[in-house]
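So the structure is just underneath, and the comments pick up after that.
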Number of protein chains: 2
Amino acid sequence: MNNFLLKIQLLFVFTAAVLFTAAPAWTQSIDEPTVNMDMVNTFIEEGIERSQIMDMASYLTDVIGPRLTNSPQMYRANEWAAEMMESFGLQNVYQHEWGPFGRGWELTRFAMHAQSDQTYFPVIAYPKAWSPGYDEAVSGEVVFLEITEEKDFDYWRGRLEGKFVMIAEPAEPQLHWDAIARRHTDESLLRLANATQRIATGQQGGQSPNAAWIARQQAAYERAQFLMEERPLAILDESYRGWSGQVAISGATLPAPPGTPWGERPRPHQIDAPTPVPQVSLAREHYGRIFRMLQHGKTVELEMDLRVRFQEENLMGWNTIGSIPGTDPDLKDEFVVIGAHLDSWHTGTGATDNAAGSVVMLEAMRILQEAGVAPRRTIKIALWSGEEQGLIGSREFVETYLARPEGNPASPSSITRLDGYDKFSAYFNVDNGAGQIRGIYLQQNDAVRNLFRTWLLPFADWGTETVSWANTGSTDHVVFDRVGLPGFQFIQDPLEYFTLSHHSNMDTYERLVPQDLMRNAVIVATFAYHTAMLDERLPRKPGPELSAN
Amino acid sequence: MNNFLLKIQLLFVFTAAVLFTAAPAWTQSIDEPTVNMDMVNTFIEEGIERSQIMDMASYLTDVIGPRLTNSPQMYRANEWAAEMMESFGLQNVYQHEWGPFGRGWELTRFAMHAQSDQTYFPVIAYPKAWSPGYDEAVSGEVVFLEITEEKDFDYWRGRLEGKFVMIAEPAEPQLHWDAIARRHTDESLLRLANATQRIATGQQGGQSPNAAWIARQQAAYERAQFLMEERPLAILDESYRGWSGQVAISGATLPAPPGTPWGERPRPHQIDAPTPVPQVSLAREHYGRIFRMLQHGKTVELEMDLRVRFQEENLMGWNTIGSIPGTDPDLKDEFVVIGAHLDSWHTGTGATDNAAGSVVMLEAMRILQEAGVAPRRTIKIALWSGEEQGLIGSREFVETYLARPEGNPASPSSITRLDGYDKFSAYFNVDNGAGQIRGIYLQQNDAVRNLFRTWLLPFADWGTETVSWANTGSTDHVVFDRVGLPGFQFIQDPLEYFTLSHHSNMDTYERLVPQDLMRNAVIVATFAYHTAMLDERLPRKPGPELSAN
């Protein structure tokens with residue numbers, strides 16, 4: 001610790017614009033941001049030397065397991081999270097019930113066996129979530145359904161019953177020439193530090209669909225409808241990413257005409273949705289092998305034991321919430337929120353997506369509590385559900401307490417402000433895997449740049465300094481940002497998140513790096529604390545203006 | 001092709017010591033080695049433009065599947081290889097029967113399911129070869145058998161029946177910081193080019209066992225004996241290498257006192273060996289999860305459906321042999337052999353170990369045949385069995401046709417020369433995966449250095465130039481070398497061989513790179529042809545002298 005303090009003191013000398021104070025009467029404001037180094041050192045000591053984060057991570061991933069929204073495992077995780085919060089001494093711990101979301105689903109048995117006249121092999125595969133199951137093992141031949149013209153439908157009509165259907169050629173095999181795990185480099189961090197409007201727009205936008213893309217979507221829709229009518233035993237595809245037995249997979253889909261808005265597509269967790277054909281993703285090595293056996297003219301028989309349990313008693317989702325109450329008589333009704341989604345996909349144990357973020361948030365609250373903070377504003381933790389199905393739990397939190405958007409929820413035309421809108425300061429999210437925080441995205445809010453730079457100063461030693469003007473998306477801070485409230489996500493080392501663990505059966509405890517998670521909890525505690533101690537709420541970014549009713 | 005010829009011509013200018021000839025009356029000798037560029041260009045055209053190698057590789061790996069010695073799949077591969085040889089027009093194609101080796105084994109069904117009070121998951125695992133199976137699925141609790149002192153045996157005695165036994169703590173998780181696939185670099189090739197006695201000795205030798213190692217071996221032996229008596233449902237360990245669902249595994253073992261020579265240990269393929277307890281290796285992610293669940297005080301129940309079939313009708317192994325007969329009246333009884341092992345382990349499809357080498361050899365013979373070579377000496381192909389159990393098939397070939405060693409087969413004290421000993425020129429082997437040949441190991445035989453350098457000259461463009469004085473071991477050329485005959489193995493790009501595919505469930509067709517295999521077949525054809533066309537047999541290296549009876 002002494003070396004660290006020495007470096008901080010040196011840093012102090014070179015950072016004349018920033019005032020470090022350790023005096024009891026410590027305050028800070030937007031115009032004069034400071035770091036409470038006594039407090040940060042307490043956080044570091046608690047978070048690094050007495051960490052409980054890996055034990056929580058192991059319990060959540062190994063014992064509770066994967067946490068599909070509204071599955072029994074998800075509710076158990078909600079209950080466990082509430083128990084943890086209460087054990088730390090948090091107040092007002094409750095399950096924020098939202099919904100209805102729809103039915104839960106869990107896999108209760110899966111095995112797949114491939115047999116030809118010459119050879120047998122067990123197949124590495126997983127069903128997509130909310131696939132229906134069978135009461136017993138089913139067997140049938142594999143066929144490759146190639147539809148290139150209308151009369152192919154006529155050929156296949158009536159021939160798919162009792163069959164397993166492959167619907168695409170396997171991907172071209174690739175060797176692993178690049179390291180699967182990596183950390184940010186100076187180069188990649190500099191690119192973020194220098195991000196401009198152009199880059200940010202590039203990240204958000206997408207090419208508008210061309211005619212070929214629309215034609216492919218239409219063909220896929222017609223094939224999907226055909227398969228809904230023909231009802232083969234299962235639709236097989238290969239892991240959507242990766243090699244080496246990795247199976248990356250999400251939920252079963254239902255046919256929807258091209259152009260159907262994402263929010264209006266039927267989805268199999270909805271209680272009134274049609275029942276999809278079971279959809280099963282195979283490891284690429286096994287999908288490729290079966291495909292090539294067919295090409296050699298061989299018959300391949302699969303046996304599949306797919307059993308599932310639907311949960312339809314409770315259709316409501318739960319977010320788990322807890323608080324460290326504010327102590328400033330004028331500010332204690334205001335609040336800052338730290339959060340992460342607790343739900344996951346079902347094939348691994350949701351370790352990096354997002355047990356990692358969840359235990360970082362729990363540990364941050366434990367650290368704050370152990371440090372005996374008396375925050376001016378209330379600090380809340382929120383562990384969301386339904387993130388993987390479209391940021392639903394966090395959106396429901398916003399719509400319950402902060403603001404109701406009108407029009408397209410992804411870019412509302414106006415909002416109705418709720419009671420919490422003016423009491424809310426900021427939301428901080430972690431959901432980019434288990435890698436160390438290396439900085440923070442400003443989400444285009446330049447007014448917080450100086451604050452965030454200051455609060456990161458104690459972590460220069462850890463390589464955590466970069467502030468990027470850019471947006472980042474795809475997770476729960478977005479729902480705050482959309483209604484004009486400050487919502488932020490940190491920059492993290494990617495490690496193996498996008499190359500191996502994300503949504504795959506390999507998203508397990510083994511992908512977690514203890515030091516990274518411990519540091520992240522300290523950094524999040526620091527941001528939550530300093531936001532809660534500021535004279536003002538965090539500044540909101542100007543426009544696009546939302547007309548408030 | 002023209003660019004290539006131009007470069008060869010330029011090379012010619014700078015290689016004055018070497019004579020290229022394309023004249024019909026082409027000859028070469030050890031003192032004046034040359035390359036028949038007309039012939040090499042024919043090999044390149046046939047091997048690159050009309051390659052059949054990937055189709056053979058797919059049939060062998062995907063359709064026939066893994067090829068455990070003496071399994072039905074292995075005999076089928078032997079028969080298929082003979083059919084391919086005959087289809088190319090090879091002569092004297094036959095199965096060289098050797099043995100008895102012992103029983104064959106194949107997996108006919110495997111699934112494993114883990115269940116706790118909270119969660120279910122399917123387990124990625126494979127039994128070790130020659131593990132016995134069960135008539136039906138079996139279920140039981142998992143226990144971690146920790147033996148640190150004698151009384152631990154007393155505690156566990158009688159408590160393991162109906163249990164699954166973990167015998168070791170999981171390895172510390174590691175992220176994949178290094179690329180899994182790599183090619184040789186100038187640096188690594190230079191190290192091989194500069195190899196000296198010291199390096200070669202370092203490769204061969206090993207540290208002599210110390211007291212701690214002996215004590216660990218003794219403890220492992222006692223535990224293994226204890227488990228043979230207690231007979232739990234299965235002994236579980238984790239994949240001996242790798243992460244991400246990779247399961248690297250070989251054969252089941254039987255207890256042997258420390259110090260038992262390798263060749264004298266009982267092995268479960270032997271017809272009179274005791275029956276091992278089923279041994280099952282789990283993906284590290286799943287082994288680790290179960291272990292950590294036990295540490296959290298949870299009960300984990302496994303269900304395992306392990307069914308196997310032993311093949312005891314034919315205890316003899318087969319090597320598949322074929323020839324392109326020699327045409328020089330004085331030399332046609334002499335022969336050069338190219339070979340690779342056709343057998344594999346059982347969890348993948350033995351693609352890099354060693355379908356790759358096998359199809360390179362088949363394709364090399366096809367190329368030679370299509371090129372219409374009329375070799376002075378006979379060129380033989382030999383596809384071995386029993387390599388994975390200790391180079392047995394190739395050793396039996398040597399002992400049938402070339403020389404019988406006396407004493408320790410790994411370093412015989414003397415040999416009995418057989419009829420073929422003086423007719424044999426050289427053996428060339430490929431068994432380091434699917435990577436491109438980048439040169440050749442001299443196996444400490446300096447007398448062939450100039451020859452091999454010359455024969456590699458056409459392949460400088462492919463980065464194939466390096467000649468290393470060093471030995472390489474662990475595969476079939478060794479059994480020739482041991483009796484004083486020239487046996488060589490090529491230097492290959494490692495690709496994913498030692499990091500992913502070797503002996504694992506991920507040793508599949510996806511690990512093969514078409515261009516690498518195509519080039520390898522051309523290079524092997526070139527070496528076989530030039531060895532067969534030399535005025536002399538390949539020089540044998542001096543000493544250690546073997547007294548010949």
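Residues are named by chain letter and number: chains run A, B, ... in the order of the structure tokens, numbers start at 1 in each chain, and ligands are numbered from 1 in the order shown.
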_Neighbouring residues of stretch 283-298 of chain A were defined as those with any atom within 7 Å, considering only C-alpha atoms; residues of the same chain fewer than 4 positions away were excluded. Please report them as a list of chain:residue names._
A:Val123, A:Ile124, A:Ala125, A:Pro170, A:Glu238, A:Ser239, A:Trp243, A:Gly245, A:Gln246, A:Val247, B:Asp62, B:Val63, B:Thr508, B:Glu510
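When the distance limit is 8 Å and only C-alpha atoms are what count, the residues near A:Pro258, minus those fewer than 2 positions from it on the same chain, are Ile214, Gln217, Gln218, Tyr221, Ala256 and Thr260 of chain A.
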*Can you list, as JSON, numbers by chain, every residue of stretch 105-169 of chain B that DSSP puts in strand (DSSP E)?*
{"B": [105, 106, 107, 108, 109, 110, 111, 112, 113, 114, 115, 120, 121, 122, 125, 126, 127, 138, 139, 140, 141, 142, 143, 144, 164, 165, 166]}
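With only C-alpha atoms as the atoms that count, the minimum distance from B:His502 to the choices B:Gly348, B:Gly317, B:Gly326, B:Pro72 is reached by B:Gly348.
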*Option closest in space to A:Ser501, from A:Gln389, A:Thr349, A:Gln73, A:Asn314 [counting only C-alpha atoms]*: A:Thr349
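Assigned to alpha helix (DSSP H) in stretch 452-486 of chain A, given DSSP computed from backbone atoms, are Phe452, Arg453, Thr454, Trp455, Leu456, His477, Val478, Val479, Phe480, Asp481 and Arg482 of chain A.
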Please produce a file of those selected residues containing C-alpha atoms, as an mmCIF file, in the first residue's frame.
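Result file selection-v7.cif:
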data_model
loop_
_atom_site.group_PDB
_atom_site.id
_atom_site.type_symbol
_atom_site.label_atom_id
_atom_site.label_comp_id
_atom_site.auth_asym_id
_atom_site.auth_seq_id
_atom_site.Cartn_x
_atom_site.Cartn_y
_atom_site.Cartn_z
ATOM 1 C CA PHE A 452 -14.703 11.094 -14.180
ATOM 2 C CA ARG A 453 -11.069 11.889 -14.981
ATOM 3 C CA THR A 454 -10.619 12.985 -11.390
ATOM 4 C CA TRP A 455 -12.295 9.938 -9.899
ATOM 5 C CA LEU A 456 -10.101 7.641 -12.012
ATOM 6 C CA HIS A 477 -27.338 1.802 -18.992
ATOM 7 C CA VAL A 478 -28.965 2.443 -22.381
ATOM 8 C CA VAL A 479 -32.491 2.551 -20.930
ATOM 9 C CA PHE A 480 -31.479 5.440 -18.647
ATOM 10 C CA ASP A 481 -29.683 7.232 -21.461
ATOM 11 C CA ARG A 482 -32.742 6.937 -23.721
#
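Contact shell of A:Asp154 at 12 Å (only C-alpha atoms; same-chain neighbours under 6 positions omitted): Ile147, Thr148, Leu160, Phe226 and Glu230 of chain A.
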